[in-house]
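> If it helps, the file is called work06.pdb and holds PDB, C-alpha atoms:
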ATOM      1  CA  MET A 262    -167.431  30.790-146.725
ATOM      2  CA  PHE A 263    -165.848  30.265-150.142
ATOM      3  CA  ASP A 264    -163.371  27.387-150.529
ATOM      4  CA  TYR A 265    -162.606  27.775-154.224
ATOM      5  CA  ILE A 266    -163.839  29.498-157.379
ATOM      6  CA  LYS A 267    -163.774  27.652-160.687
ATOM      7  CA  GLY A 268    -164.362  29.316-164.032
ATOM      8  CA  GLU A 269    -163.010  31.007-167.139
ATOM      9  CA  LEU A 270    -159.848  33.068-166.747
ATOM     10  CA  VAL A 271    -160.844  36.455-168.175
ATOM     11  CA  GLU A 272    -157.837  38.560-167.139
ATOM     12  CA  ALA A 273    -154.507  37.705-165.553
ATOM     13  CA  THR A 274    -151.624  39.882-164.398
ATOM     14  CA  PRO A 275    -148.790  38.838-162.057
ATOM     15  CA  THR A 276    -150.752  40.299-159.119
ATOM     16  CA  GLN A 277    -154.434  39.962-159.992
ATOM     17  CA  VAL A 278    -156.910  37.815-161.913
ATOM     18  CA  VAL A 279    -160.546  37.971-162.938
ATOM     19  CA  VAL A 280    -162.363  34.630-163.072
ATOM     20  CA  ASP A 281    -165.809  34.410-164.683
ATOM     21  CA  ASN A 282    -168.057  32.036-162.746
ATOM     22  CA  GLY A 283    -171.736  31.932-163.709
ATOM     23  CA  GLY A 284    -171.599  35.344-165.352
ATOM     24  CA  ILE A 285    -169.958  37.002-162.331
ATOM     25  CA  GLY A 286    -166.375  38.260-162.641
ATOM     26  CA  TRP A 287    -164.477  37.486-159.443
ATOM     27  CA  SER A 288    -161.437  39.727-158.951
ATOM     28  CA  MET A 289    -158.712  38.078-156.881
ATOM     29  CA  GLN A 290    -155.271  39.082-155.663
ATOM     30  CA  ILE A 291    -152.660  36.435-156.498
ATOM     31  CA  SER A 292    -148.972  35.696-155.965
ATOM     32  CA  LEU A 293    -146.390  35.349-158.723
ATOM     33  CA  GLN A 294    -146.334  31.600-157.942
ATOM     34  CA  THR A 295    -150.021  31.243-158.751
ATOM     35  CA  TYR A 296    -149.666  33.456-161.842
ATOM     36  CA  SER A 297    -146.883  31.267-163.282
ATOM     37  CA  ASN A 298    -149.162  28.222-162.882
ATOM     38  CA  ILE A 299    -152.245  29.726-164.516
ATOM     39  CA  GLU A 300    -151.064  32.303-167.083
ATOM     40  CA  SER A 301    -151.483  29.905-170.030
ATOM     41  CA  LEU A 302    -154.798  28.372-168.874
ATOM     42  CA  ASN A 303    -158.290  29.195-170.143
ATOM     43  CA  SER A 304    -160.192  27.896-167.129
ATOM     44  CA  VAL A 305    -158.935  27.769-163.560
ATOM     45  CA  LYS A 306    -159.788  26.585-160.073
ATOM     46  CA  LEU A 307    -158.421  28.887-157.402
ATOM     47  CA  TYR A 308    -158.588  28.292-153.656
ATOM     48  CA  VAL A 309    -159.834  31.409-151.943
ATOM     49  CA  TYR A 310    -159.118  33.473-148.846
ATOM     50  CA  HIS A 311    -161.701  36.195-148.139
ATOM     51  CA  HIS A 312    -160.067  39.172-146.395
ATOM     52  CA  LEU A 313    -162.563  41.450-144.680
ATOM     53  CA  ARG A 314    -161.842  44.600-142.698
ATOM     54  CA  GLU A 315    -163.885  47.712-141.947
ATOM     55  CA  ASP A 316    -162.384  49.616-144.882
ATOM     56  CA  VAL A 317    -161.515  46.847-147.368
ATOM     57  CA  GLU A 318    -162.839  43.575-148.757
ATOM     58  CA  LEU A 319    -160.534  41.470-150.939
ATOM     59  CA  LEU A 320    -160.343  37.948-152.314
ATOM     60  CA  TYR A 321    -156.974  36.198-152.544
ATOM     61  CA  GLY A 322    -156.664  33.275-154.959
ATOM     62  CA  PHE A 323    -154.200  30.377-154.777
ATOM     63  CA  PHE A 324    -153.376  27.654-157.290
ATOM     64  CA  THR A 325    -152.877  25.032-154.553
ATOM     65  CA  LYS A 326    -154.263  24.367-151.082
ATOM     66  CA  GLU A 327    -150.646  24.216-149.825
ATOM     67  CA  GLU A 328    -149.980  27.791-150.937
ATOM     68  CA  ARG A 329    -153.172  28.979-149.252
ATOM     69  CA  ALA A 330    -152.272  27.087-146.061
ATOM     70  CA  LEU A 331    -148.845  28.764-145.888
ATOM     71  CA  PHE A 332    -150.431  32.159-146.642
ATOM     72  CA  LEU A 333    -152.842  31.647-143.712
ATOM     73  CA  MET A 334    -149.937  30.739-141.423
ATOM     74  CA  LEU A 335    -148.001  33.827-142.512
ATOM     75  CA  ILE A 336    -150.840  36.278-141.839
ATOM     76  CA  GLU A 337    -151.127  34.919-138.289
ATOM     77  CA  VAL A 338    -147.602  36.209-137.612
ATOM     78  CA  ASN A 339    -147.667  39.586-135.873
ATOM     79  CA  GLY A 340    -146.658  42.318-138.350
ATOM     80  CA  ILE A 341    -147.506  40.374-141.514
ATOM     81  CA  GLY A 342    -150.638  41.335-143.398
ATOM     82  CA  PRO A 343    -152.099  39.738-146.543
ATOM     83  CA  ASN A 344    -150.071  41.914-148.924
ATOM     84  CA  THR A 345    -146.781  41.113-147.183
ATOM     85  CA  ALA A 346    -147.665  37.400-147.147
ATOM     86  CA  ARG A 347    -148.420  37.596-150.872
ATOM     87  CA  MET A 348    -145.069  39.349-151.458
ATOM     88  CA  MET A 349    -143.312  36.524-149.575
ATOM     89  CA  LEU A 350    -145.042  33.888-151.720
ATOM     90  CA  SER A 351    -144.114  35.864-154.847
ATOM     91  CA  SER A 352    -140.445  36.189-153.851
ATOM     92  CA  LEU A 353    -139.771  32.575-152.827
ATOM     93  CA  SER A 354    -141.299  29.254-153.842
ATOM     94  CA  LEU A 355    -143.235  27.276-151.213
ATOM     95  CA  GLU A 356    -140.296  24.899-150.746
ATOM     96  CA  GLU A 357    -137.757  27.747-150.488
ATOM     97  CA  LEU A 358    -139.859  29.553-147.893
ATOM     98  CA  LYS A 359    -140.496  26.413-145.841
ATOM     99  CA  THR A 360    -136.812  25.436-146.048
ATOM    100  CA  ALA A 361    -135.706  28.912-144.914
ATOM    101  CA  ILE A 362    -138.061  28.739-141.910
ATOM    102  CA  LEU A 363    -137.008  25.206-140.921
ATOM    103  CA  ALA A 364    -133.306  25.970-141.304
ATOM    104  CA  ASP A 365    -133.489  29.270-139.348
ATOM    105  CA  ASP A 366    -132.270  31.085-142.473
ATOM    106  CA  VAL A 367    -133.045  34.646-141.338
ATOM    107  CA  ASN A 368    -131.093  36.194-144.236
ATOM    108  CA  LYS A 369    -133.136  34.346-146.863
ATOM    109  CA  ILE A 370    -136.377  35.635-145.347
ATOM    110  CA  ARG A 371    -134.911  39.135-144.906
ATOM    111  CA  SER A 372    -134.060  39.195-148.625
ATOM    112  CA  ILE A 373    -137.805  39.609-149.303
ATOM    113  CA  LYS A 374    -138.827  43.228-149.867
ATOM    114  CA  GLY A 375    -140.489  44.707-146.780
ATOM    115  CA  ILE A 376    -139.226  42.060-144.332
ATOM    116  CA  GLY A 377    -136.864  43.295-141.619
ATOM    117  CA  LEU A 378    -134.752  41.332-139.159
ATOM    118  CA  LYS A 379    -137.352  41.212-136.349
ATOM    119  CA  THR A 380    -140.154  40.115-138.666
ATOM    120  CA  ALA A 381    -137.938  37.415-140.229
ATOM    121  CA  GLN A 382    -137.063  36.100-136.760
ATOM    122  CA  ARG A 383    -140.739  36.162-135.736
ATOM    123  CA  VAL A 384    -141.724  34.169-138.846
ATOM    124  CA  ILE A 385    -139.200  31.460-137.940
ATOM    125  CA  ILE A 386    -140.192  31.321-134.258
ATOM    126  CA  ASP A 387    -143.949  31.302-134.957
ATOM    127  CA  LEU A 388    -144.059  28.934-137.922
ATOM    128  CA  LYS A 389    -141.253  26.394-137.536
ATOM    129  CA  ASP A 390    -143.270  23.943-135.407
ATOM    130  CA  LYS A 391    -146.415  24.393-137.501
ATOM    131  CA  ILE A 392    -144.533  23.520-140.700
ATOM    132  CA  VAL A 393    -142.924  20.460-139.101
ATOM    133  CA  LYS A 394    -146.349  19.252-137.907
ATOM    134  CA  GLY A 395    -148.077  20.070-141.179
ATOM    135  CA  GLY A 396    -145.412  18.770-143.541
ATOM    136  CA  GLY A 397    -144.431  15.562-141.767
ATOM    137  CA  GLU A 398    -141.209  14.966-139.863
ATOM    138  CA  VAL A 399    -139.424  13.221-142.756
ATOM    139  CA  ASP A 400    -140.076  16.100-145.152
ATOM    140  CA  ALA A 401    -138.931  18.599-142.552
ATOM    141  CA  LYS A 402    -135.664  16.718-141.950
ATOM    142  CA  ALA A 403    -135.037  16.456-145.690
ATOM    143  CA  LEU A 404    -135.674  20.180-146.122
ATOM    144  CA  VAL A 405    -133.311  21.074-143.287
ATOM    145  CA  ALA A 406    -130.601  18.798-144.716
ATOM    146  CA  ALA A 407    -131.017  20.431-148.134
ATOM    147  CA  ALA A 408    -130.872  23.890-146.576
ATOM    148  CA  VAL A 409    -127.688  23.072-144.649
ATOM    149  CA  ASN A 410    -126.046  21.708-147.824
ATOM    150  CA  ASN A 411    -127.112  24.813-149.746
ATOM    151  CA  SER A 412    -125.799  27.198-147.081
ATOM    152  CA  VAL A 413    -122.423  25.363-146.959
ATOM    153  CA  ALA A 414    -122.124  25.539-150.766
ATOM    154  CA  HIS A 415    -123.150  29.209-150.669
ATOM    155  CA  SER A 416    -120.493  30.074-148.056
ATOM    156  CA  GLU A 417    -117.760  28.191-149.925
ATOM    157  CA  ALA A 418    -118.729  29.749-153.262
ATOM    158  CA  LEU A 419    -118.766  33.236-151.687
ATOM    159  CA  SER A 420    -115.298  32.667-150.175
ATOM    160  CA  ALA A 421    -113.969  31.475-153.540
ATOM    161  CA  LEU A 422    -115.330  34.526-155.377
ATOM    162  CA  VAL A 423    -113.905  36.918-152.778
ATOM    163  CA  LEU A 424    -110.514  35.144-153.042
ATOM    164  CA  LEU A 425    -110.685  35.657-156.800
ATOM    165  CA  GLY A 426    -110.792  39.403-156.103
ATOM    166  CA  PHE A 427    -114.494  40.255-156.390
ATOM    167  CA  PRO A 428    -116.115  42.582-153.818
ATOM    168  CA  LYS A 429    -118.129  40.590-151.276
ATOM    169  CA  ALA A 430    -121.385  42.509-151.909
ATOM    170  CA  ALA A 431    -121.204  41.964-155.686
ATOM    171  CA  ALA A 432    -120.328  38.285-155.230
ATOM    172  CA  GLN A 433    -123.230  37.821-152.800
ATOM    173  CA  LYS A 434    -125.661  39.432-155.263
ATOM    174  CA  ALA A 435    -124.452  37.245-158.156
ATOM    175  CA  LEU A 436    -124.691  34.115-156.009
ATOM    176  CA  GLU A 437    -128.243  34.890-154.863
ATOM    177  CA  SER A 438    -129.258  35.464-158.471
ATOM    178  CA  VAL A 439    -127.834  32.066-159.493
ATOM    179  CA  GLU A 440    -129.464  30.309-156.518
ATOM    180  CA  LYS A 441    -132.880  31.705-157.434
ATOM    181  CA  GLU A 442    -132.579  30.368-160.984
ATOM    182  CA  LYS A 443    -130.905  27.091-160.068
ATOM    183  CA  PRO A 444    -131.558  26.163-156.413
ATOM    184  CA  ASP A 445    -129.961  22.710-156.725
ATOM    185  CA  ALA A 446    -126.686  23.942-158.282
ATOM    186  CA  SER A 447    -123.475  22.253-157.134
ATOM    187  CA  LEU A 448    -120.613  24.290-155.647
ATOM    188  CA  GLU A 449    -118.772  24.250-158.987
ATOM    189  CA  GLU A 450    -121.888  25.392-160.866
ATOM    190  CA  LEU A 451    -122.513  28.155-158.318
ATOM    191  CA  ILE A 452    -119.023  29.545-158.857
ATOM    192  CA  LYS A 453    -119.060  29.211-162.668
ATOM    193  CA  LEU A 454    -122.508  30.767-163.098
ATOM    194  CA  SER A 455    -121.725  33.560-160.628
ATOM    195  CA  LEU A 456    -118.517  34.408-162.501
ATOM    196  CA  LYS A 457    -120.577  34.957-165.662
ATOM    197  CA  ARG A 458    -122.597  37.590-163.803
ATOM    198  CA  LEU A 459    -119.627  39.436-162.308
TER     199      LEU A 459
END
As a first step, turn the structure in this file into structure tokens.

Amino acid sequence: MFDYIKGELVEATPTQVVVDNGGIGWSMQISLQTYSNIESLNSVKLYVYHHLREDVELLYGFFTKEERALFLMLIEVNGIGPNTARMMLSSLSLEELKTAILADDVNKIRSIKGIGLKTAQRVIIDLKDKIVKGGGEVDAKALVAAAVNNSVAHSEALSALVLLGFPKAAAQKALESVEKEKPDASLEELIKLSLKRL
């Protein structure tokens, strides 16, 4: 089966690309992560997953082997199909998604459109060990440490904003917005940047 397709990037949208290879236009579904890596390129090499069912045949393209590997892990989880897996990879970066799984951060995974509590829990249970084995123990420990630090800073920043008189829901939304843009923000930065959004 296909491993990758290399060729001229003919069309690109945040969800789909057409790659010309040998005069054939290959249409592939992509994540926002892949799109941000290829949107300014003329020629691309995309790693492929061929999805085949009785009623549908689709190609999914990925900028890196790592993204494809995580996609393949996700679609093995009961209740997650290719489109949901692609949505997950569009909503969070590879590192954010891996960190959330390793740190048992159900809320982070639930924040993705279409993912409920049970599915988020299933993702963590099914994939935690696979990510530790695949990513190396040292990386996994570092990711968990980073996640714990981030969640402590998040909790403290949320408490500070609520104490300043902001509704908890609005403060939470502002904080999440800041964390997406600046995942390594310090506690002080989290509070300052969130205040600008409230």
> Counting all atoms listed in the file, which residues of stretch 279-302 of chain A sit at most 12 Å from some atom of stretch 262-267 of chain A, and what is each one's closest atom pair with its distance in Å to one decimal, listed by chain and rising residue number, as a tab-separated table?

residue	atom	partner	partner_atom	distance
A:Val279	CA	A:Ile266	CA	10.7
A:Val280	CA	A:Lys267	CA	7.5
A:Asp281	CA	A:Lys267	CA	8.1
A:Asn282	CA	A:Lys267	CA	6.5
A:Gly283	CA	A:Lys267	CA	9.5
A:Gly284	CA	A:Lys267	CA	11.9
A:Ile285	CA	A:Ile266	CA	10.9
A:Gly286	CA	A:Ile266	CA	10.5
A:Trp287	CA	A:Ile266	CA	8.3
A:Ser288	CA	A:Ile266	CA	10.6
A:Met289	CA	A:Ile266	CA	10.0
> Can I get the residues of stretch 293-386 of chain A within 12 Å of stretch 421-439 of chain A, each with the closest pair of atoms and their distance in Å to one decimal, using all atoms listed in the file, sorted chain first then ascending number, as a tab-separated table?

residue	atom	partner	partner_atom	distance
A:Leu353	CA	A:Glu437	CA	11.9
A:Asn368	CA	A:Glu437	CA	11.1
A:Lys369	CA	A:Glu437	CA	9.4
A:Ser372	CA	A:Glu437	CA	9.6
> Give as a ChimeraX atom specification the residues that the PyMOL selection byres ((chain A and resi 295-298) around 8) matches when applied to the coordinates above.
/A:273-276,291-294,299-301,322-324
> One number please: atom CA of A:Tyr308 to atom CA of A:Ile392, in Å, one decimal.
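Atom CA of A:Tyr308 sits 19.7 Å away from atom CA of A:Ile392.
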> At what distance in Å, to one decimal, does atom CA of A:Glu450 lie from atom CA of A:Ala414?
10.1 Å
> Hey, which of A:Leu363, A:Val271, A:Val278, A:Ala381 ends up closest to A:Met349? Count all atoms listed in the file.
A:Ala381
> Rounded to one decimal place, report the atom CA of A:Ile373-atom CA of A:Glu449 distance in Å.
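Interatomic distance, atom CA of A:Ile373 to atom CA of A:Glu449: 26.3 Å.
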> With all atoms listed in the file as the counted atoms, please give the residues lying no more than 10 Å from A:Pro343, apart from itself and same-chain residues fewer than 4 positions off, as a ChimeraX atom specification.
/A:290,310,312,319,321,332-333,335-337,347-349
> Please write the residues picked by the PyMOL selection byres ((chain A and resi 386) around 12) on this file as a PDB file with C-alpha atoms, in the frame of the given file.

ATOM      1  CA  LEU A 335    -148.001  33.827-142.512  1.00  0.00           C
ATOM      2  CA  VAL A 338    -147.602  36.209-137.612  1.00  0.00           C
ATOM      3  CA  ASN A 339    -147.667  39.586-135.873  1.00  0.00           C
ATOM      4  CA  ALA A 361    -135.706  28.912-144.914  1.00  0.00           C
ATOM      5  CA  ILE A 362    -138.061  28.739-141.910  1.00  0.00           C
ATOM      6  CA  LEU A 363    -137.008  25.206-140.921  1.00  0.00           C
ATOM      7  CA  ALA A 364    -133.306  25.970-141.304  1.00  0.00           C
ATOM      8  CA  ASP A 365    -133.489  29.270-139.348  1.00  0.00           C
ATOM      9  CA  ASP A 366    -132.270  31.085-142.473  1.00  0.00           C
ATOM     10  CA  VAL A 367    -133.045  34.646-141.338  1.00  0.00           C
ATOM     11  CA  LYS A 379    -137.352  41.212-136.349  1.00  0.00           C
ATOM     12  CA  THR A 380    -140.154  40.115-138.666  1.00  0.00           C
ATOM     13  CA  ALA A 381    -137.938  37.415-140.229  1.00  0.00           C
ATOM     14  CA  GLN A 382    -137.063  36.100-136.760  1.00  0.00           C
ATOM     15  CA  ARG A 383    -140.739  36.162-135.736  1.00  0.00           C
ATOM     16  CA  VAL A 384    -141.724  34.169-138.846  1.00  0.00           C
ATOM     17  CA  ILE A 385    -139.200  31.460-137.940  1.00  0.00           C
ATOM     18  CA  ASP A 387    -143.949  31.302-134.957  1.00  0.00           C
ATOM     19  CA  LEU A 388    -144.059  28.934-137.922  1.00  0.00           C
ATOM     20  CA  LYS A 389    -141.253  26.394-137.536  1.00  0.00           C
ATOM     21  CA  ASP A 390    -143.270  23.943-135.407  1.00  0.00           C
ATOM     22  CA  LYS A 391    -146.415  24.393-137.501  1.00  0.00           C
ATOM     23  CA  ILE A 392    -144.533  23.520-140.700  1.00  0.00           C
TER      24      ILE A 392
END
> Measuring atom to atom with only C-alpha atoms, identify which of A:Leu302, A:Leu350, A:Ile376, A:Leu320 is nearest to A:Met334.
A:Leu350
> Pick from A:Glu417, A:Asp316, A:Gln277, A:Ser354: nearest to A:Glu442, with all atoms listed in the file counted?
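Distance minimum relative to A:Glu442 lands on A:Ser354.
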> Under the rule that only C-alpha atoms are counted, which of A:Ser447, A:Leu378, A:Lys306, A:Leu454 is the nearest residue to A:Lys326?
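Of the candidates, the smallest distance to A:Lys326 is held by A:Lys306.
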